$ cat model_18.cif   # mmCIF, N, CA and C atoms
data_upload
loop_
_atom_site.label_atom_id
_atom_site.label_comp_id
_atom_site.auth_asym_id
_atom_site.auth_seq_id
_atom_site.Cartn_x
_atom_site.Cartn_y
_atom_site.Cartn_z
N MET A 1 -82.40 65.43 43.05
CA MET A 1 -83.66 65.58 42.35
C MET A 1 -84.74 65.92 43.37
N GLU A 2 -85.64 66.79 42.95
CA GLU A 2 -86.83 67.09 43.75
C GLU A 2 -87.98 66.25 43.22
N LEU A 3 -88.66 65.58 44.12
CA LEU A 3 -89.85 64.81 43.76
C LEU A 3 -91.03 65.70 44.09
N ILE A 4 -91.66 66.27 43.06
CA ILE A 4 -92.75 67.23 43.25
C ILE A 4 -94.07 66.54 42.97
N ILE A 5 -94.94 66.55 43.97
CA ILE A 5 -96.26 65.94 43.86
C ILE A 5 -97.29 67.07 43.79
N ASN A 6 -97.91 67.20 42.62
CA ASN A 6 -98.87 68.28 42.41
C ASN A 6 -100.19 67.72 41.89
N ASP A 7 -100.51 66.49 42.27
CA ASP A 7 -101.74 65.84 41.84
C ASP A 7 -102.57 65.47 43.07
N PHE A 8 -103.83 65.84 43.05
CA PHE A 8 -104.72 65.51 44.16
C PHE A 8 -104.86 64.00 44.29
N ALA A 9 -104.84 63.50 45.51
CA ALA A 9 -105.03 62.09 45.85
C ALA A 9 -103.85 61.20 45.46
N ALA A 10 -102.68 61.79 45.26
CA ALA A 10 -101.49 60.99 45.00
C ALA A 10 -101.08 60.26 46.28
N PHE A 11 -100.39 59.14 46.12
CA PHE A 11 -99.90 58.36 47.26
C PHE A 11 -98.43 58.07 47.04
N ILE A 12 -97.61 58.32 48.07
CA ILE A 12 -96.18 58.02 48.01
C ILE A 12 -95.91 56.90 49.00
N GLY A 13 -95.36 55.82 48.49
CA GLY A 13 -95.05 54.67 49.33
C GLY A 13 -93.59 54.27 49.19
N ARG A 14 -93.24 53.18 49.84
CA ARG A 14 -91.87 52.69 49.82
C ARG A 14 -91.81 51.25 49.33
N ARG A 15 -90.85 50.98 48.48
CA ARG A 15 -90.51 49.62 48.06
C ARG A 15 -89.00 49.50 48.22
N SER A 16 -88.58 48.79 49.25
CA SER A 16 -87.16 48.62 49.54
C SER A 16 -86.51 49.99 49.68
N GLU A 17 -85.57 50.34 48.83
CA GLU A 17 -84.87 51.62 48.91
C GLU A 17 -85.35 52.58 47.81
N ARG A 18 -86.63 52.46 47.46
CA ARG A 18 -87.22 53.29 46.41
C ARG A 18 -88.55 53.87 46.90
N PHE A 19 -88.86 55.05 46.39
CA PHE A 19 -90.19 55.63 46.58
C PHE A 19 -91.01 55.27 45.36
N TYR A 20 -92.29 55.00 45.56
CA TYR A 20 -93.18 54.86 44.40
C TYR A 20 -94.31 55.85 44.57
N VAL A 21 -94.77 56.36 43.44
CA VAL A 21 -95.84 57.36 43.44
C VAL A 21 -96.99 56.80 42.63
N ARG A 22 -98.15 56.75 43.27
CA ARG A 22 -99.38 56.26 42.62
C ARG A 22 -100.35 57.44 42.54
N ILE A 23 -100.75 57.75 41.32
CA ILE A 23 -101.70 58.84 41.08
C ILE A 23 -102.89 58.24 40.33
N PRO A 24 -104.10 58.51 40.78
CA PRO A 24 -105.27 57.95 40.10
C PRO A 24 -105.25 58.23 38.59
N GLU A 25 -105.52 57.19 37.82
CA GLU A 25 -105.62 57.25 36.37
C GLU A 25 -104.29 57.57 35.67
N LYS A 26 -103.16 57.36 36.37
CA LYS A 26 -101.85 57.53 35.76
C LYS A 26 -101.00 56.31 36.09
N GLU A 27 -99.94 56.12 35.33
CA GLU A 27 -99.05 54.99 35.55
C GLU A 27 -98.18 55.23 36.79
N GLU A 28 -98.04 54.19 37.61
CA GLU A 28 -97.21 54.28 38.81
C GLU A 28 -95.74 54.48 38.42
N GLN A 29 -95.03 55.31 39.21
CA GLN A 29 -93.62 55.57 38.96
C GLN A 29 -92.80 55.26 40.20
N GLU A 30 -91.53 54.90 40.01
CA GLU A 30 -90.61 54.64 41.11
C GLU A 30 -89.38 55.52 40.98
N PHE A 31 -88.82 55.88 42.14
CA PHE A 31 -87.64 56.74 42.19
C PHE A 31 -86.69 56.20 43.25
N ALA A 32 -85.42 56.06 42.88
CA ALA A 32 -84.40 55.59 43.82
C ALA A 32 -84.19 56.63 44.92
N ALA A 33 -84.20 56.19 46.17
CA ALA A 33 -84.07 57.11 47.29
C ALA A 33 -82.76 57.88 47.26
N ASP A 34 -81.69 57.26 46.77
CA ASP A 34 -80.40 57.96 46.75
C ASP A 34 -80.33 59.07 45.71
N LYS A 35 -81.34 59.17 44.84
CA LYS A 35 -81.41 60.25 43.85
C LYS A 35 -82.30 61.41 44.32
N VAL A 36 -83.15 61.17 45.32
CA VAL A 36 -84.12 62.17 45.78
C VAL A 36 -83.51 63.00 46.91
N GLU A 37 -83.54 64.32 46.75
CA GLU A 37 -83.04 65.23 47.78
C GLU A 37 -84.17 65.87 48.58
N GLN A 38 -85.34 65.98 47.94
CA GLN A 38 -86.46 66.67 48.58
C GLN A 38 -87.76 66.17 47.97
N ILE A 39 -88.78 66.02 48.82
CA ILE A 39 -90.13 65.68 48.38
C ILE A 39 -91.00 66.89 48.65
N ILE A 40 -91.62 67.41 47.62
CA ILE A 40 -92.47 68.60 47.75
C ILE A 40 -93.90 68.20 47.41
N ILE A 41 -94.81 68.47 48.34
CA ILE A 41 -96.21 68.10 48.16
C ILE A 41 -97.03 69.38 48.10
N ALA A 42 -97.67 69.59 46.94
CA ALA A 42 -98.41 70.82 46.71
C ALA A 42 -99.91 70.63 46.64
N ARG A 43 -100.39 69.42 46.76
CA ARG A 43 -101.84 69.14 46.74
C ARG A 43 -102.14 68.08 47.78
N GLY A 44 -103.42 67.85 48.06
CA GLY A 44 -103.83 66.85 49.02
C GLY A 44 -103.37 65.46 48.62
N SER A 45 -102.34 64.97 49.27
CA SER A 45 -101.76 63.66 48.98
C SER A 45 -101.41 62.98 50.28
N SER A 46 -100.95 61.74 50.19
CA SER A 46 -100.59 61.02 51.42
C SER A 46 -99.27 60.29 51.23
N LEU A 47 -98.59 60.09 52.36
CA LEU A 47 -97.33 59.35 52.40
C LEU A 47 -97.49 58.19 53.36
N SER A 48 -96.88 57.06 53.03
CA SER A 48 -96.89 55.93 53.95
C SER A 48 -95.83 56.15 55.03
N MET A 49 -95.98 55.45 56.14
CA MET A 49 -94.96 55.51 57.18
C MET A 49 -93.62 55.03 56.64
N GLY A 50 -93.64 54.03 55.78
CA GLY A 50 -92.40 53.53 55.18
C GLY A 50 -91.69 54.60 54.37
N ALA A 51 -92.45 55.38 53.61
CA ALA A 51 -91.85 56.46 52.82
C ALA A 51 -91.28 57.54 53.73
N ILE A 52 -91.98 57.85 54.81
CA ILE A 52 -91.48 58.85 55.76
C ILE A 52 -90.20 58.35 56.42
N GLU A 53 -90.18 57.10 56.84
CA GLU A 53 -88.97 56.52 57.46
C GLU A 53 -87.79 56.54 56.49
N LEU A 54 -88.02 56.17 55.23
CA LEU A 54 -86.96 56.18 54.24
C LEU A 54 -86.42 57.59 54.05
N ALA A 55 -87.32 58.57 53.98
CA ALA A 55 -86.89 59.96 53.85
C ALA A 55 -86.08 60.40 55.07
N MET A 56 -86.52 60.02 56.26
CA MET A 56 -85.78 60.38 57.47
C MET A 56 -84.40 59.73 57.49
N ASP A 57 -84.32 58.45 57.14
CA ASP A 57 -83.05 57.73 57.12
C ASP A 57 -82.05 58.35 56.13
N ARG A 58 -82.56 58.91 55.05
CA ARG A 58 -81.70 59.47 53.99
C ARG A 58 -81.58 60.99 54.07
N ASP A 59 -82.10 61.60 55.15
CA ASP A 59 -82.08 63.06 55.31
C ASP A 59 -82.73 63.79 54.14
N ILE A 60 -83.86 63.26 53.68
CA ILE A 60 -84.62 63.86 52.59
C ILE A 60 -85.71 64.73 53.19
N ASP A 61 -85.71 66.02 52.83
CA ASP A 61 -86.74 66.93 53.31
C ASP A 61 -88.10 66.58 52.71
N ILE A 62 -89.14 66.68 53.52
CA ILE A 62 -90.52 66.56 53.05
C ILE A 62 -91.16 67.92 53.30
N VAL A 63 -91.59 68.58 52.23
CA VAL A 63 -92.12 69.94 52.32
C VAL A 63 -93.56 69.95 51.85
N TYR A 64 -94.45 70.49 52.67
CA TYR A 64 -95.85 70.68 52.29
C TYR A 64 -96.06 72.15 51.95
N LEU A 65 -96.72 72.41 50.83
CA LEU A 65 -97.01 73.78 50.41
C LEU A 65 -98.50 74.07 50.54
N ASP A 66 -98.82 75.32 50.85
CA ASP A 66 -100.23 75.72 50.90
C ASP A 66 -100.70 76.09 49.49
N TRP A 67 -101.92 76.57 49.38
CA TRP A 67 -102.51 76.87 48.08
C TRP A 67 -101.79 77.99 47.34
N ARG A 68 -101.00 78.80 48.09
CA ARG A 68 -100.23 79.88 47.46
C ARG A 68 -98.82 79.45 47.07
N GLY A 69 -98.46 78.20 47.44
CA GLY A 69 -97.12 77.72 47.16
C GLY A 69 -96.12 78.03 48.26
N MET A 70 -96.63 78.45 49.41
CA MET A 70 -95.77 78.77 50.55
C MET A 70 -95.62 77.55 51.44
N PRO A 71 -94.41 77.28 51.94
CA PRO A 71 -94.19 76.11 52.81
C PRO A 71 -94.98 76.24 54.12
N ILE A 72 -95.64 75.15 54.51
CA ILE A 72 -96.36 75.15 55.78
C ILE A 72 -95.83 74.08 56.73
N ALA A 73 -95.07 73.15 56.21
CA ALA A 73 -94.48 72.11 57.09
C ALA A 73 -93.28 71.49 56.39
#
$ encode --input "model_18.cif" --output "structure tokens"
Amino acid sequence: MELIINDFAAFIGRRSERFYVRIPEKEEQEFAADKVEQIIIARGSSLSMGAIELAMDRDIDIVYLDWRGMPIA
């Protein structure tokens, strides 16, 4: 599964072996790390160090897109 973040000011954190996504004025969601293959961030958002470590441990790509949808990192 691709976890696509396309909301400004979203936050991706870690709870044990799960990612959680907090978006202002929306309900928080959780995703099992073993189901996520890629995290795609298309708007100004942030990731916790815990979420980055979990992604690294599980070989999950973290991709940042520019305003045109082109990968920049």
$ resolve_selection --input "model_18.cif" --expression "the PyMOL selection byres (((chain A and resi 48-54 and name CA) around 6) and name CA)" --output "list of chain:residue names"
A:Gly13, A:Arg14, A:Leu47, A:Ala55, A:Met56, A:Asp57
$ closest_residue --input "model_18.cif" --among "A:Ser16, A:Gln38, A:Ser45, A:Asn6" --to "Val63 of chain A" --atoms "all atoms listed in the file"
A:Gln38
$ closest_residue --input "model_18.cif" --among "A:Leu3, A:Ala73, A:Pro24, A:Leu65" --to "Arg43 of chain A" --atoms "all atoms listed in the file"
A:Leu65
$ select_by_dssp --input "model_18.cif" --residues "chain A" --states "strand (DSSP E or B)" --output "JSON, numbers by chain"
{"A": [2, 3, 4, 5, 11, 12, 13, 14, 15, 18, 19, 20, 21, 22, 29, 30, 31, 32, 38, 39, 40, 41, 46, 47, 61, 62, 63, 64, 65, 71]}
$ axis_aligned_box --input "model_18.cif" --around "segment 11-23 of chain A" --padding-each-side "8 Å" --output "lines of an AutoDock Vina configuration file"
center_x = -93.9
center_y = 53.9
center_z = 45.1
size_x = 34.0
size_y = 26.5
size_z = 25.5
$ resolve_selection --input "model_18.cif" --expression "the PyMOL selection byres ((chain A and resi 44) around 6)" --output "list in words"
Asp7, Phe8, Ala9, Ala10, Ala42, Arg43, Ser45 and Ser46 of chain A
$ write_last_selection --input "model_18.cif" --atoms "N, CA and C atoms" --output "PDB file, in the frame of the given file"
ATOM      1  N   ASP A   7    -100.510  66.490  42.270  1.00  0.00           N
ATOM      2  CA  ASP A   7    -101.740  65.840  41.840  1.00  0.00           C
ATOM      3  C   ASP A   7    -102.570  65.470  43.070  1.00  0.00           C
ATOM      4  N   PHE A   8    -103.830  65.840  43.050  1.00  0.00           N
ATOM      5  CA  PHE A   8    -104.720  65.510  44.160  1.00  0.00           C
ATOM      6  C   PHE A   8    -104.860  64.000  44.290  1.00  0.00           C
ATOM      7  N   ALA A   9    -104.840  63.500  45.510  1.00  0.00           N
ATOM      8  CA  ALA A   9    -105.030  62.090  45.850  1.00  0.00           C
ATOM      9  C   ALA A   9    -103.850  61.200  45.460  1.00  0.00           C
ATOM     10  N   ALA A  10    -102.680  61.790  45.260  1.00  0.00           N
ATOM     11  CA  ALA A  10    -101.490  60.990  45.000  1.00  0.00           C
ATOM     12  C   ALA A  10    -101.080  60.260  46.280  1.00  0.00           C
ATOM     13  N   ALA A  42     -97.670  69.590  46.940  1.00  0.00           N
ATOM     14  CA  ALA A  42     -98.410  70.820  46.710  1.00  0.00           C
ATOM     15  C   ALA A  42     -99.910  70.630  46.640  1.00  0.00           C
ATOM     16  N   ARG A  43    -100.390  69.420  46.760  1.00  0.00           N
ATOM     17  CA  ARG A  43    -101.840  69.140  46.740  1.00  0.00           C
ATOM     18  C   ARG A  43    -102.140  68.080  47.780  1.00  0.00           C
ATOM     19  N   SER A  45    -102.340  64.970  49.270  1.00  0.00           N
ATOM     20  CA  SER A  45    -101.760  63.660  48.980  1.00  0.00           C
ATOM     21  C   SER A  45    -101.410  62.980  50.280  1.00  0.00           C
ATOM     22  N   SER A  46    -100.950  61.740  50.190  1.00  0.00           N
ATOM     23  CA  SER A  46    -100.590  61.020  51.420  1.00  0.00           C
ATOM     24  C   SER A  46     -99.270  60.290  51.230  1.00  0.00           C
TER      25      SER A  46
END
$ atom_distance --input "model_18.cif" --atom1 "atom N of Gln29 of chain A" --atom2 "atom CA of Asp59 of chain A"
22.1 Å
$ atom_distance --input "model_18.cif" --atom1 "atom N of Arg58 of chain A" --atom2 "atom CA of Arg22 of chain A"
21.1 Å
$ closest_residue --input "model_18.cif" --among "A:Pro71, A:Arg18, A:Val36, A:Phe31" --to "Met1 of chain A" --atoms "only N, CA and C atoms"
A:Val36
$ closest_residue --input "model_18.cif" --among "A:Trp67, A:Glu2, A:Val21, A:Phe11" --to "Lys35 of chain A" --atoms "all atoms listed in the file"
A:Glu2
$ select_by_dssp --input "model_18.cif" --residues "segment 3-66 of chain A" --states "alpha helix (DSSP H)" --output "number ranges by chain"
A: 49-57
$ closest_residue --input "model_18.cif" --among "A:Glu37, A:Glu30, A:Glu25, A:Glu17" --to "Asp61 of chain A" --atoms "only C-alpha atoms"
A:Glu37
$ atom_distance --input "model_18.cif" --atom1 "atom CA of Arg68 of chain A" --atom2 "atom CA of Ile4 of chain A"
15.3 Å
$ decode --input "model_18.cif" --residues "segment 34-49 of chain A" --atoms "all heavy atoms" --output "PDB file, in the first residue's frame"
ATOM      1  N   ASP A  34       3.725  -3.090   8.314  1.00  0.00           N
ATOM      2  CA  ASP A  34       3.961  -4.206   7.395  1.00  0.00           C
ATOM      3  C   ASP A  34       3.057  -4.168   6.166  1.00  0.00           C
ATOM      4  O   ASP A  34       3.271  -4.918   5.219  1.00  0.00           O
ATOM      5  CB  ASP A  34       3.842  -5.551   8.111  1.00  0.00           C
ATOM      6  CG  ASP A  34       2.482  -5.807   8.731  1.00  0.00           C
ATOM      7  OD1 ASP A  34       1.648  -4.887   8.771  1.00  0.00           O
ATOM      8  OD2 ASP A  34       2.269  -6.939   9.189  1.00  0.00           O
ATOM      9  N   LYS A  35       2.082  -3.260   6.136  1.00  0.00           N
ATOM     10  CA  LYS A  35       1.212  -3.091   4.967  1.00  0.00           C
ATOM     11  C   LYS A  35       1.674  -1.937   4.065  1.00  0.00           C
ATOM     12  O   LYS A  35       1.253  -1.851   2.921  1.00  0.00           O
ATOM     13  CB  LYS A  35      -0.226  -2.815   5.405  1.00  0.00           C
ATOM     14  CG  LYS A  35      -0.818  -3.840   6.317  1.00  0.00           C
ATOM     15  CD  LYS A  35      -1.463  -4.917   5.536  1.00  0.00           C
ATOM     16  CE  LYS A  35      -2.198  -5.827   6.523  1.00  0.00           C
ATOM     17  NZ  LYS A  35      -2.417  -7.122   5.993  1.00  0.00           N
ATOM     18  N   VAL A  36       2.520  -1.049   4.592  1.00  0.00           N
ATOM     19  CA  VAL A  36       2.946   0.147   3.855  1.00  0.00           C
ATOM     20  C   VAL A  36       4.231  -0.155   3.084  1.00  0.00           C
ATOM     21  O   VAL A  36       5.205  -0.648   3.644  1.00  0.00           O
ATOM     22  CB  VAL A  36       3.169   1.337   4.818  1.00  0.00           C
ATOM     23  CG1 VAL A  36       3.678   2.557   4.069  1.00  0.00           C
ATOM     24  CG2 VAL A  36       1.879   1.667   5.570  1.00  0.00           C
ATOM     25  N   GLU A  37       4.215   0.124   1.781  1.00  0.00           N
ATOM     26  CA  GLU A  37       5.395  -0.068   0.941  1.00  0.00           C
ATOM     27  C   GLU A  37       6.092   1.256   0.633  1.00  0.00           C
ATOM     28  O   GLU A  37       7.287   1.281   0.367  1.00  0.00           O
ATOM     29  CB  GLU A  37       5.003  -0.743  -0.368  1.00  0.00           C
ATOM     30  CG  GLU A  37       4.431  -2.134  -0.175  1.00  0.00           C
ATOM     31  CD  GLU A  37       3.882  -2.708  -1.460  1.00  0.00           C
ATOM     32  OE1 GLU A  37       3.967  -2.046  -2.512  1.00  0.00           O
ATOM     33  OE2 GLU A  37       3.362  -3.833  -1.404  1.00  0.00           O
ATOM     34  N   GLN A  38       5.317   2.342   0.656  1.00  0.00           N
ATOM     35  CA  GLN A  38       5.867   3.639   0.273  1.00  0.00           C
ATOM     36  C   GLN A  38       5.042   4.739   0.925  1.00  0.00           C
ATOM     37  O   GLN A  38       3.819   4.630   1.031  1.00  0.00           O
ATOM     38  CB  GLN A  38       5.799   3.760  -1.252  1.00  0.00           C
ATOM     39  CG  GLN A  38       6.596   4.877  -1.844  1.00  0.00           C
ATOM     40  CD  GLN A  38       6.612   4.794  -3.363  1.00  0.00           C
ATOM     41  OE1 GLN A  38       5.569   4.670  -3.987  1.00  0.00           O
ATOM     42  NE2 GLN A  38       7.792   4.853  -3.931  1.00  0.00           N
ATOM     43  N   ILE A  39       5.721   5.799   1.368  1.00  0.00           N
ATOM     44  CA  ILE A  39       5.066   6.993   1.897  1.00  0.00           C
ATOM     45  C   ILE A  39       5.348   8.113   0.912  1.00  0.00           C
ATOM     46  O   ILE A  39       6.515   8.410   0.627  1.00  0.00           O
ATOM     47  CB  ILE A  39       5.593   7.355   3.298  1.00  0.00           C
ATOM     48  CG1 ILE A  39       5.308   6.217   4.291  1.00  0.00           C
ATOM     49  CG2 ILE A  39       4.963   8.667   3.783  1.00  0.00           C
ATOM     50  CD1 ILE A  39       5.968   6.406   5.642  1.00  0.00           C
ATOM     51  N   ILE A  40       4.301   8.705   0.384  1.00  0.00           N
ATOM     52  CA  ILE A  40       4.441   9.784  -0.605  1.00  0.00           C
ATOM     53  C   ILE A  40       3.872  11.056   0.006  1.00  0.00           C
ATOM     54  O   ILE A  40       2.712  11.086   0.431  1.00  0.00           O
ATOM     55  CB  ILE A  40       3.698   9.436  -1.908  1.00  0.00           C
ATOM     56  CG1 ILE A  40       4.281   8.146  -2.493  1.00  0.00           C
ATOM     57  CG2 ILE A  40       3.789  10.585  -2.900  1.00  0.00           C
ATOM     58  CD1 ILE A  40       3.518   7.604  -3.676  1.00  0.00           C
ATOM     59  N   ILE A  41       4.698  12.101   0.033  1.00  0.00           N
ATOM     60  CA  ILE A  41       4.292  13.369   0.634  1.00  0.00           C
ATOM     61  C   ILE A  41       4.249  14.420  -0.467  1.00  0.00           C
ATOM     62  O   ILE A  41       5.274  14.733  -1.081  1.00  0.00           O
ATOM     63  CB  ILE A  41       5.250  13.770   1.762  1.00  0.00           C
ATOM     64  CG1 ILE A  41       5.242  12.670   2.824  1.00  0.00           C
ATOM     65  CG2 ILE A  41       4.866  15.125   2.344  1.00  0.00           C
ATOM     66  CD1 ILE A  41       6.246  12.843   3.906  1.00  0.00           C
ATOM     67  N   ALA A  42       3.050  14.956  -0.702  1.00  0.00           N
ATOM     68  CA  ALA A  42       2.847  15.893  -1.800  1.00  0.00           C
ATOM     69  C   ALA A  42       2.561  17.314  -1.344  1.00  0.00           C
ATOM     70  O   ALA A  42       2.387  18.194  -2.169  1.00  0.00           O
ATOM     71  CB  ALA A  42       1.711  15.390  -2.694  1.00  0.00           C
ATOM     72  N   ARG A  43       2.486  17.552  -0.063  1.00  0.00           N
ATOM     73  CA  ARG A  43       2.236  18.895   0.478  1.00  0.00           C
ATOM     74  C   ARG A  43       3.110  19.093   1.700  1.00  0.00           C
ATOM     75  O   ARG A  43       3.666  18.141   2.237  1.00  0.00           O
ATOM     76  CB  ARG A  43       0.780  19.053   0.896  1.00  0.00           C
ATOM     77  CG  ARG A  43      -0.212  18.891  -0.192  1.00  0.00           C
ATOM     78  CD  ARG A  43      -0.542  20.216  -0.784  1.00  0.00           C
ATOM     79  NE  ARG A  43      -1.486  19.993  -1.880  1.00  0.00           N
ATOM     80  CZ  ARG A  43      -2.247  20.903  -2.365  1.00  0.00           C
ATOM     81  NH1 ARG A  43      -2.229  22.095  -1.869  1.00  0.00           N
ATOM     82  NH2 ARG A  43      -3.039  20.648  -3.368  1.00  0.00           N
ATOM     83  N   GLY A  44       3.180  20.324   2.195  1.00  0.00           N
ATOM     84  CA  GLY A  44       3.967  20.633   3.377  1.00  0.00           C
ATOM     85  C   GLY A  44       3.482  19.862   4.593  1.00  0.00           C
ATOM     86  O   GLY A  44       2.426  20.158   5.129  1.00  0.00           O
ATOM     87  N   SER A  45       4.209  18.839   4.968  1.00  0.00           N
ATOM     88  CA  SER A  45       3.862  17.973   6.093  1.00  0.00           C
ATOM     89  C   SER A  45       5.124  17.650   6.865  1.00  0.00           C
ATOM     90  O   SER A  45       6.218  17.978   6.451  1.00  0.00           O
ATOM     91  CB  SER A  45       3.218  16.688   5.587  1.00  0.00           C
ATOM     92  OG  SER A  45       2.063  16.977   4.838  1.00  0.00           O
ATOM     93  N   SER A  46       4.961  16.938   7.976  1.00  0.00           N
ATOM     94  CA  SER A  46       6.142  16.579   8.764  1.00  0.00           C
ATOM     95  C   SER A  46       6.058  15.130   9.213  1.00  0.00           C
ATOM     96  O   SER A  46       4.977  14.567   9.350  1.00  0.00           O
ATOM     97  CB  SER A  46       6.300  17.506   9.969  1.00  0.00           C
ATOM     98  OG  SER A  46       5.165  17.435  10.794  1.00  0.00           O
ATOM     99  N   LEU A  47       7.242  14.551   9.429  1.00  0.00           N
ATOM    100  CA  LEU A  47       7.372  13.181   9.922  1.00  0.00           C
ATOM    101  C   LEU A  47       8.176  13.217  11.204  1.00  0.00           C
ATOM    102  O   LEU A  47       9.153  13.959  11.310  1.00  0.00           O
ATOM    103  CB  LEU A  47       8.143  12.310   8.928  1.00  0.00           C
ATOM    104  CG  LEU A  47       7.439  11.872   7.680  1.00  0.00           C
ATOM    105  CD1 LEU A  47       7.712  12.837   6.570  1.00  0.00           C
ATOM    106  CD2 LEU A  47       7.917  10.496   7.317  1.00  0.00           C
ATOM    107  N   SER A  48       7.806  12.358  12.150  1.00  0.00           N
ATOM    108  CA  SER A  48       8.594  12.246  13.376  1.00  0.00           C
ATOM    109  C   SER A  48       9.821  11.376  13.100  1.00  0.00           C
ATOM    110  O   SER A  48       9.850  10.603  12.139  1.00  0.00           O
ATOM    111  CB  SER A  48       7.749  11.620  14.490  1.00  0.00           C
ATOM    112  OG  SER A  48       7.532  10.245  14.221  1.00  0.00           O
ATOM    113  N   MET A  49      10.821  11.506  13.962  1.00  0.00           N
ATOM    114  CA  MET A  49      11.998  10.641  13.852  1.00  0.00           C
ATOM    115  C   MET A  49      11.596   9.181  13.999  1.00  0.00           C
ATOM    116  O   MET A  49      12.142   8.308  13.327  1.00  0.00           O
ATOM    117  CB  MET A  49      13.039  11.005  14.908  1.00  0.00           C
ATOM    118  CG  MET A  49      13.828  12.254  14.563  1.00  0.00           C
ATOM    119  SD  MET A  49      14.805  12.056  13.070  1.00  0.00           S
ATOM    120  CE  MET A  49      16.078  10.964  13.669  1.00  0.00           C
TER     121      MET A  49
END
